[in-house]
$ cat work-v5.cif   # mmCIF, C-alpha atoms
data_protein
#
loop_
_atom_site.label_atom_id
_atom_site.label_comp_id
_atom_site.auth_asym_id
_atom_site.auth_seq_id
_atom_site.Cartn_x
_atom_site.Cartn_y
_atom_site.Cartn_z
CA MET R 15 -36.70 130.88 7.50
CA SER R 16 -35.98 130.06 11.12
CA ALA R 17 -33.51 132.96 11.29
CA LEU R 18 -36.25 135.24 9.99
CA LEU R 19 -38.66 133.93 12.63
CA ALA R 20 -36.06 134.43 15.33
CA ALA R 21 -35.39 137.99 14.18
CA ALA R 22 -39.07 138.94 14.16
CA THR R 23 -39.73 138.88 17.89
CA PRO R 24 -42.83 140.88 18.79
CA THR R 25 -41.80 144.16 20.39
CA THR R 26 -43.76 146.57 22.55
CA THR R 27 -44.64 148.55 19.43
CA TRP R 28 -46.52 145.57 17.98
CA TYR R 29 -48.57 145.29 21.14
CA LEU R 30 -49.36 149.01 21.17
CA ILE R 31 -50.45 148.94 17.52
CA LEU R 32 -52.66 145.90 18.16
CA ALA R 33 -54.19 147.75 21.12
CA ALA R 34 -54.82 150.80 18.90
CA VAL R 35 -56.60 148.66 16.30
CA LEU R 36 -58.71 146.98 18.98
CA PHE R 37 -59.61 150.40 20.43
CA GLY R 38 -60.59 151.66 16.97
CA ILE R 39 -62.84 148.64 16.35
CA GLY R 40 -64.52 149.19 19.71
CA ALA R 41 -65.05 152.90 18.98
CA VAL R 42 -66.62 152.13 15.60
CA GLY R 43 -68.89 149.60 17.28
CA VAL R 44 -70.11 152.13 19.84
CA LEU R 45 -70.83 154.61 17.04
CA VAL R 46 -72.54 152.17 14.68
CA ARG R 47 -74.53 149.67 16.72
CA ARG R 48 -77.93 150.62 18.15
CA ASN R 49 -78.55 147.78 20.57
CA PRO R 50 -77.49 149.13 24.01
CA LEU R 51 -76.15 145.73 25.08
CA VAL R 52 -73.84 145.47 22.07
CA MET R 53 -72.73 149.07 22.61
CA PHE R 54 -71.75 148.03 26.13
CA MET R 55 -69.72 145.11 24.79
CA CYS R 56 -67.86 147.53 22.51
CA VAL R 57 -66.99 149.68 25.54
CA GLU R 58 -65.50 146.53 27.08
CA LEU R 59 -63.41 146.06 23.93
CA MET R 60 -62.02 149.58 24.33
CA LEU R 61 -61.21 148.97 28.00
CA ASN R 62 -59.39 145.78 27.05
CA ALA R 63 -57.35 147.61 24.41
CA VAL R 64 -56.16 150.09 27.03
CA ASN R 65 -55.39 147.25 29.46
CA LEU R 66 -53.28 145.56 26.81
CA SER R 67 -51.20 148.68 26.22
CA PHE R 68 -50.77 149.18 29.99
CA VAL R 69 -49.41 145.64 30.37
CA ALA R 70 -47.10 145.96 27.35
CA LEU R 71 -45.67 149.23 28.68
CA ALA R 72 -45.29 147.76 32.18
CA LYS R 73 -43.04 145.08 30.68
CA ARG R 74 -41.06 147.57 28.58
CA LEU R 75 -40.57 150.12 31.36
CA GLY R 76 -40.03 147.49 34.02
CA ASP R 77 -42.65 149.09 36.24
CA ILE R 78 -45.23 147.03 38.09
CA GLY R 79 -47.47 150.09 38.40
CA GLY R 80 -48.94 149.41 34.97
CA GLN R 81 -50.19 146.01 36.07
CA THR R 82 -51.63 147.47 39.28
CA THR R 83 -53.52 150.02 37.19
CA VAL R 84 -54.97 147.24 35.02
CA PHE R 85 -56.19 145.57 38.21
CA PHE R 86 -58.08 148.73 39.17
CA VAL R 87 -59.47 149.12 35.64
CA MET R 88 -60.90 145.60 35.88
CA VAL R 89 -62.58 146.35 39.23
CA VAL R 90 -64.11 149.55 37.90
CA ALA R 91 -65.22 147.80 34.69
CA ALA R 92 -67.01 145.13 36.72
CA ALA R 93 -68.83 147.77 38.78
CA GLU R 94 -69.68 149.72 35.64
CA VAL R 95 -71.15 146.67 33.93
CA VAL R 96 -73.34 145.91 36.95
CA VAL R 97 -74.81 149.43 37.08
CA GLY R 98 -75.09 149.75 33.30
CA LEU R 99 -76.89 146.44 32.88
CA GLY R 100 -79.21 147.43 35.74
CA ILE R 101 -80.13 150.59 33.85
CA ILE R 102 -80.62 148.64 30.62
CA VAL R 103 -82.86 146.09 32.39
CA SER R 104 -85.03 148.81 33.91
CA ILE R 105 -85.35 150.58 30.52
CA MET R 106 -86.09 147.40 28.60
CA ARG R 107 -88.75 146.42 31.12
CA ARG R 108 -90.72 149.57 30.30
CA ARG R 109 -90.08 149.54 26.55
CA PRO R 110 -89.24 146.13 25.16
CA GLY R 111 -86.97 146.22 22.16
CA ALA R 112 -85.77 149.78 22.75
CA THR R 113 -82.69 150.85 20.82
CA ALA R 114 -80.35 153.70 21.62
CA ASP R 115 -82.41 155.97 19.34
CA ASP R 116 -85.57 155.45 21.42
CA ILE R 117 -84.02 156.55 24.71
CA THR R 118 -82.46 159.85 23.77
CA ALA R 119 -84.66 161.95 26.04
CA LEU R 120 -83.28 160.61 29.37
CA LYS R 121 -86.75 160.22 30.85
CA GLY R 122 -88.97 157.24 31.34
CA MET Z 80 -42.26 130.82 19.13
CA GLU Z 81 -43.10 134.21 20.59
CA LEU Z 82 -44.06 135.36 17.12
CA VAL Z 83 -46.42 132.43 16.63
CA VAL Z 84 -48.12 133.11 19.97
CA PHE Z 85 -48.47 136.80 19.15
CA VAL Z 86 -49.89 136.20 15.67
CA LEU Z 87 -52.39 133.60 16.86
CA ALA Z 88 -53.54 135.72 19.81
CA ALA Z 89 -53.79 138.83 17.64
CA ALA Z 90 -55.89 136.90 15.11
CA MET Z 91 -58.20 135.74 17.94
CA ILE Z 92 -58.52 139.29 19.23
CA LEU Z 93 -59.25 140.87 15.86
CA VAL Z 94 -61.67 138.16 14.68
CA GLY Z 95 -63.54 138.39 17.99
CA ALA Z 96 -63.65 142.19 17.92
CA ILE Z 97 -64.95 142.27 14.34
CA GLY Z 98 -67.48 139.63 15.36
CA VAL Z 99 -68.77 141.78 18.21
CA ILE Z 100 -69.58 144.67 15.90
CA VAL Z 101 -70.93 142.76 12.87
CA ARG Z 102 -72.88 139.83 14.35
CA ARG Z 103 -76.58 140.55 14.32
CA ASN Z 104 -77.52 138.28 17.19
CA PRO Z 105 -76.45 139.68 20.61
CA VAL Z 106 -75.66 136.16 21.87
CA HIS Z 107 -73.16 135.67 19.05
CA ALA Z 108 -71.66 139.08 19.82
CA ALA Z 109 -71.18 138.05 23.46
CA LEU Z 110 -69.48 134.81 22.41
CA SER Z 111 -67.17 136.75 20.06
CA LEU Z 112 -66.35 138.97 23.03
CA VAL Z 113 -65.21 135.83 24.91
CA LEU Z 114 -62.82 135.04 22.03
CA THR Z 115 -61.33 138.53 22.23
CA LEU Z 116 -60.96 138.38 26.02
CA PHE Z 117 -59.15 135.04 25.82
CA GLY Z 118 -56.78 136.45 23.21
CA VAL Z 119 -56.00 139.38 25.49
CA ALA Z 120 -55.36 136.92 28.36
CA VAL Z 121 -52.87 135.02 26.18
CA LEU Z 122 -51.02 138.26 25.41
CA PHE Z 123 -50.99 139.09 29.14
CA VAL Z 124 -49.14 135.81 29.74
CA ALA Z 125 -46.74 136.65 26.89
CA GLN Z 126 -46.03 140.00 28.61
CA GLU Z 127 -45.31 138.35 31.99
CA ALA Z 128 -48.56 139.49 33.62
CA HIS Z 129 -49.58 136.05 34.90
CA PHE Z 130 -51.84 137.23 37.70
CA LEU Z 131 -53.73 139.59 35.41
CA ALA Z 132 -54.19 136.85 32.82
CA ALA Z 133 -55.91 134.69 35.45
CA VAL Z 134 -58.03 137.62 36.63
CA GLN Z 135 -58.92 138.43 33.03
CA VAL Z 136 -60.28 134.94 32.43
CA ILE Z 137 -62.11 134.77 35.77
CA VAL Z 138 -63.57 138.28 35.91
CA TYR Z 139 -64.11 139.16 32.26
CA ALA Z 140 -64.80 135.85 30.54
CA GLY Z 141 -66.28 134.28 33.66
CA ALA Z 142 -68.31 137.01 35.29
CA ILE Z 143 -68.91 139.92 32.93
CA VAL Z 144 -69.79 137.93 29.81
CA VAL Z 145 -72.03 135.61 31.84
CA LEU Z 146 -73.76 138.70 33.21
CA PHE Z 147 -74.26 139.93 29.63
CA LEU Z 148 -75.73 136.56 28.63
CA PHE Z 149 -78.01 136.55 31.68
CA VAL Z 150 -79.37 139.98 30.76
CA ILE Z 151 -79.83 138.94 27.11
CA MET Z 152 -81.83 135.90 28.19
CA LEU Z 153 -83.73 137.82 30.88
CA LEU Z 154 -84.86 140.52 28.47
CA GLY Z 155 -85.44 138.14 25.58
CA VAL Z 156 -83.53 140.40 23.19
CA ASP Z 157 -81.82 137.42 21.57
CA ARG Z 158 -83.61 138.18 18.33
CA THR Z 159 -81.47 139.15 15.42
CA GLU Z 160 -81.27 142.88 14.98
CA ASP Z 161 -81.64 144.38 11.54
CA ILE Z 162 -78.33 146.16 11.15
CA THR Z 163 -78.92 147.14 7.54
CA ILE Z 164 -81.04 150.16 8.45
CA GLU Z 165 -79.03 153.25 9.14
CA PRO Z 166 -80.71 155.90 11.32
CA PHE Z 167 -78.64 158.72 9.88
CA ARG Z 168 -77.51 158.43 6.33
CA ILE Z 169 -73.88 159.39 6.89
CA GLN Z 170 -73.49 157.68 10.27
CA ARG Z 171 -71.46 154.69 9.09
CA PRO Z 172 -69.01 156.60 6.86
CA LEU Z 173 -68.49 159.07 9.70
CA ALA Z 174 -67.94 156.22 12.18
CA ALA Z 175 -65.43 154.61 9.82
CA ILE Z 176 -63.60 157.92 9.47
CA VAL Z 177 -63.49 158.38 13.25
CA GLY Z 178 -62.28 154.81 13.79
CA LEU Z 179 -59.59 154.96 11.14
CA GLY Z 180 -58.57 158.40 12.40
CA VAL Z 181 -58.12 157.13 15.95
CA ILE Z 182 -56.16 154.10 14.75
CA GLY Z 183 -54.03 156.21 12.43
CA LEU Z 184 -53.20 158.83 15.06
CA VAL Z 185 -52.26 156.27 17.71
CA VAL Z 186 -50.20 154.16 15.30
CA ALA Z 187 -48.38 157.26 14.05
CA SER Z 188 -47.56 158.45 17.56
CA VAL Z 189 -46.49 154.97 18.68
CA SER Z 190 -44.17 154.48 15.74
CA ALA Z 191 -42.79 158.00 16.10
CA SER Z 192 -41.95 157.41 19.77
CA ARG Z 193 -40.73 153.85 19.22
CA ASP Z 194 -37.18 154.52 20.30
CA VAL Z 195 -38.01 157.18 22.87
CA ILE Z 196 -39.82 154.89 25.32
CA GLY Z 197 -37.38 153.99 28.05
CA ARG Z 198 -36.37 150.48 28.98
CA GLY Z 199 -36.36 149.11 32.47
CA SER Z 200 -35.94 145.82 34.23
CA GLY Z 201 -37.85 146.36 37.44
CA LEU Z 202 -40.37 143.63 36.66
CA GLU Z 203 -39.82 140.34 38.48
CA ILE Z 204 -40.30 137.60 35.90
CA PRO Z 205 -40.94 134.12 37.33
CA ALA Z 206 -38.78 132.41 34.68
CA VAL Z 207 -35.86 134.65 35.68
CA THR Z 208 -36.22 134.79 39.45
CA GLY Z 209 -37.04 131.09 39.72
CA ASP Z 210 -39.97 131.84 42.01
CA GLY Z 211 -43.33 131.03 40.42
CA ASP Z 212 -45.19 133.51 42.61
CA SER Z 213 -42.94 136.51 42.09
CA ASN Z 214 -45.40 138.35 39.82
CA ILE Z 215 -48.21 138.02 42.36
CA ARG Z 216 -45.84 139.03 45.18
CA GLN Z 217 -44.70 142.12 43.33
CA ILE Z 218 -48.25 143.24 42.50
CA ALA Z 219 -49.30 142.66 46.11
CA ARG Z 220 -46.38 144.67 47.46
CA ASN Z 221 -47.19 147.55 45.13
CA LEU Z 222 -50.94 147.35 45.71
CA PHE Z 223 -50.83 147.25 49.49
CA SER Z 224 -48.12 149.86 49.93
CA ASP Z 225 -48.43 152.57 47.28
CA HIS Z 226 -52.07 152.12 46.33
CA VAL Z 227 -53.65 150.96 49.56
CA PHE Z 228 -56.04 153.92 49.77
CA ALA Z 229 -57.31 153.31 46.24
CA PHE Z 230 -57.66 149.62 47.05
CA GLU Z 231 -59.81 150.35 50.08
CA PHE Z 232 -61.83 152.81 48.06
CA THR Z 233 -62.75 150.13 45.51
CA SER Z 234 -64.70 148.39 48.28
CA VAL Z 235 -66.83 151.52 48.59
CA LEU Z 236 -67.27 151.52 44.80
CA LEU Z 237 -68.40 147.89 44.75
CA THR Z 238 -70.88 148.49 47.58
CA VAL Z 239 -72.30 151.51 45.74
CA ALA Z 240 -72.58 149.45 42.55
CA VAL Z 241 -74.44 146.62 44.31
CA VAL Z 242 -76.88 149.01 46.03
CA GLY Z 243 -77.38 150.94 42.79
CA ALA Z 244 -78.10 147.81 40.77
CA VAL Z 245 -80.67 146.64 43.33
CA MET Z 246 -82.32 150.07 43.42
CA LEU Z 247 -82.46 150.32 39.62
CA THR Z 248 -83.97 146.93 38.93
CA ARG Z 249 -86.42 146.44 41.79
CA LYS Z 250 -90.09 146.32 41.05
CA VAL Z 251 -92.14 149.10 42.61
CA LYS Z 252 -95.50 147.90 43.93
CA ASN Z 253 -97.51 151.09 44.36
CA GLY Z 254 -96.25 152.82 41.25
CA LYS Z 255 -94.15 155.37 43.12
CA GLY Z 256 -90.40 155.57 43.44
CA VAL Z 257 -87.61 155.06 40.94
CA SER Z 258 -87.80 153.32 37.56
#
$ encode --input "work-v5.cif" --output "structure tokens"
Amino acid sequence: MSALLAAATPTTTWYLILAAVLFGIGAVGVLVRRNPLVMFMCVELMLNAVNLSFVALAKRLGDIGGQTTVFFVMVVAAAEVVVGLGIIVSIMRRRPGATADDITALKG
Amino acid sequence: MELVVFVLAAAMILVGAIGVIVRRNPVHAALSLVLTLFGVAVLFVAQEAHFLAAVQVIVYAGAIVVLFLFVIMLLGVDRTEDITIEPFRIQRPLAAIVGLGVIGLVVASVSASRDVIGRGSGLEIPAVTGDGDSNIRQIARNLFSDHVFAFEFTSVLLTVAVVGAVMLTRKVKNGKGVS
């Protein structure tokens, strides 16, 4: 049993497959949910999946550039969340309880 | 040991991710998101990205999720949403097909190229070099030499984001202007 556990060390492939599953769950969430806030959270899930695969490949390839890229992705995600939540707040203030179906026309 | 860490973190990530898309209350979805983000931070540590694990906890779990919770409370949308109604009748089957298709394609390409991905040892691992800060040092060297222009440009991006958020959410007194 312990030999089996020692043999089954998680490889880069495991990490990449986990990242793919996480990305798929996030994509399904964006397509299915109608609350704009929850759709935003699903976009964060997809960003995290890509970050995970960047870090796993940085370890495998021995290249620090992957980790630097993840740093930039985090900065851009923070900025994106700030602007996106600002848009959601200004929409919700005019129409309380709006879902993604109510705001398809791109005008107030 | 590594296997146990991976399995536990993967379970955290998947349970949290499923929770985000099936919980009806947005507050519960945000808390499930925290679970996922912590799982990803654990895997960052397992992949020798110590600095990014700390940043993940501080920026994502600390700042972004708190911002989500603030907006949920501010708008009062913490009611449970009825997720049984389906706006288009074939939306969910189509979404499931798209999701499974994406997962299937990526898994197939990853397992096909499993042995093609090169191996390298350019990463300075603290347990190997004996210097606890070597990961941070290496990122800093890379960031401030090769990517210094992009780093400076992120300051412009953050300023634009702050100004944009203020412009979008301000209240207009005389009825003119944005929003």
$ closest_atom_pairs --input "work-v5.cif" --of "segment 129-187 of chain Z" --to "segment 78-86 of chain R" --cutoff "10 Å" --atoms "only C-alpha atoms" --output "CSV"
residue,atom,partner,partner_atom,distance
Z:Phe130,CA,R:Gln81,CA,9.1
Z:Leu131,CA,R:Phe85,CA,7.0
Z:Val134,CA,R:Phe85,CA,8.3
Z:Gln135,CA,R:Phe85,CA,9.2
$ resolve_selection --input "work-v5.cif" --expression "the PyMOL selection byres ((chain R) within 6 of (chain Z))" --output "ChimeraX atom specification"
/R:23-24,31,34-35,38,42-43,45,74-77,93,97,100,104
$ axis_aligned_box --input "work-v5.cif" --around "segment 183-200 of chain Z" --padding-each-side "4 Å" --output "JSON"
{"center_x": -45.0, "center_y": 152.3, "center_z": 23.3, "size_x": 26.1, "size_y": 21.0, "size_z": 29.8}
$ resolve_selection --input "work-v5.cif" --expression "the PyMOL selection byres ((chain R and resi 108-114) around 8)" --output "list in words"
Arg48, Asn49, Pro50, Ser104, Ile105, Met106, Arg107, Asp115, Asp116, Ile117, Thr118 and Gly122 of chain R; Leu154 and Val156 of chain Z
$ closest_residue --input "work-v5.cif" --among "Z:Gly141, Z:Gly211, Z:Pro205, Z:Gly118" --to "Leu87 of chain Z" --atoms "all atoms listed in the file"
Z:Gly118
$ atom_distance --input "work-v5.cif" --atom1 "atom CA of Ala63 of chain R" --atom2 "atom CA of Phe37 of chain R"
5.4 Å
$ decode --input "work-v5.cif" --residues "segment 72-83 of chain R" --atoms "all heavy atoms" --output "short mmCIF file (atom, residue, chain, number, x, y, z; two decimals), in the first residue's frame"
data_model
loop_
_atom_site.label_atom_id
_atom_site.label_comp_id
_atom_site.auth_asym_id
_atom_site.auth_seq_id
_atom_site.Cartn_x
_atom_site.Cartn_y
_atom_site.Cartn_z
N ALA R 72 5.12 25.97 -15.14
CA ALA R 72 6.36 26.65 -14.73
C ALA R 72 7.26 25.71 -13.98
O ALA R 72 8.48 25.70 -14.16
CB ALA R 72 6.03 27.88 -13.87
N LYS R 73 6.67 24.86 -13.12
CA LYS R 73 7.47 23.87 -12.38
C LYS R 73 8.06 22.85 -13.34
O LYS R 73 9.25 22.53 -13.28
CB LYS R 73 6.58 23.19 -11.35
CG LYS R 73 7.20 22.00 -10.67
CD LYS R 73 7.85 22.41 -9.38
CE LYS R 73 8.51 21.24 -8.69
NZ LYS R 73 7.59 20.16 -8.37
N ARG R 74 7.24 22.34 -14.26
CA ARG R 74 7.70 21.28 -15.16
C ARG R 74 8.80 21.78 -16.09
O ARG R 74 9.82 21.12 -16.30
CB ARG R 74 6.51 20.76 -15.95
CG ARG R 74 6.83 19.87 -17.12
CD ARG R 74 7.18 18.48 -16.68
NE ARG R 74 7.38 17.62 -17.81
CZ ARG R 74 6.57 16.62 -18.14
NH1 ARG R 74 5.52 16.37 -17.42
NH2 ARG R 74 6.83 15.88 -19.18
N LEU R 75 8.59 22.99 -16.66
CA LEU R 75 9.56 23.51 -17.62
C LEU R 75 10.73 24.21 -16.95
O LEU R 75 11.68 24.61 -17.62
CB LEU R 75 8.88 24.48 -18.59
CG LEU R 75 7.77 23.90 -19.46
CD1 LEU R 75 7.07 25.01 -20.20
CD2 LEU R 75 8.34 22.91 -20.44
N GLY R 76 10.63 24.42 -15.63
CA GLY R 76 11.71 25.10 -14.95
C GLY R 76 11.87 26.54 -15.37
O GLY R 76 12.97 27.07 -15.44
N ASP R 77 10.73 27.20 -15.64
CA ASP R 77 10.78 28.56 -16.16
C ASP R 77 9.96 29.46 -15.24
O ASP R 77 8.77 29.23 -15.03
CB ASP R 77 10.17 28.57 -17.57
CG ASP R 77 10.34 29.91 -18.25
OD1 ASP R 77 10.74 30.87 -17.57
OD2 ASP R 77 10.07 29.99 -19.47
N ILE R 78 10.60 30.48 -14.68
CA ILE R 78 9.89 31.34 -13.74
C ILE R 78 8.88 32.24 -14.46
O ILE R 78 8.00 32.83 -13.83
CB ILE R 78 10.92 32.19 -12.96
CG1 ILE R 78 10.29 32.83 -11.70
CG2 ILE R 78 11.48 33.28 -13.82
CD1 ILE R 78 9.98 31.87 -10.61
N GLY R 79 8.97 32.33 -15.79
CA GLY R 79 8.06 33.19 -16.53
C GLY R 79 6.60 32.85 -16.32
O GLY R 79 5.75 33.74 -16.33
N GLY R 80 6.30 31.57 -16.10
CA GLY R 80 4.92 31.18 -15.85
C GLY R 80 4.38 31.82 -14.58
O GLY R 80 3.25 32.31 -14.55
N GLN R 81 5.22 31.86 -13.54
CA GLN R 81 4.76 32.46 -12.29
C GLN R 81 4.61 33.97 -12.43
O GLN R 81 3.69 34.57 -11.86
CB GLN R 81 5.72 32.11 -11.16
CG GLN R 81 5.74 30.63 -10.86
CD GLN R 81 6.49 30.30 -9.61
OE1 GLN R 81 6.85 31.16 -8.84
NE2 GLN R 81 6.75 29.02 -9.41
N THR R 82 5.50 34.60 -13.21
CA THR R 82 5.36 36.04 -13.44
C THR R 82 4.05 36.34 -14.17
O THR R 82 3.36 37.30 -13.85
CB THR R 82 6.55 36.55 -14.28
OG1 THR R 82 7.74 36.01 -13.73
CG2 THR R 82 6.61 38.04 -14.25
N THR R 83 3.71 35.47 -15.14
CA THR R 83 2.45 35.68 -15.86
C THR R 83 1.26 35.59 -14.92
O THR R 83 0.31 36.37 -15.03
CB THR R 83 2.33 34.62 -16.97
OG1 THR R 83 3.54 34.61 -17.72
CG2 THR R 83 1.18 34.92 -17.88
#
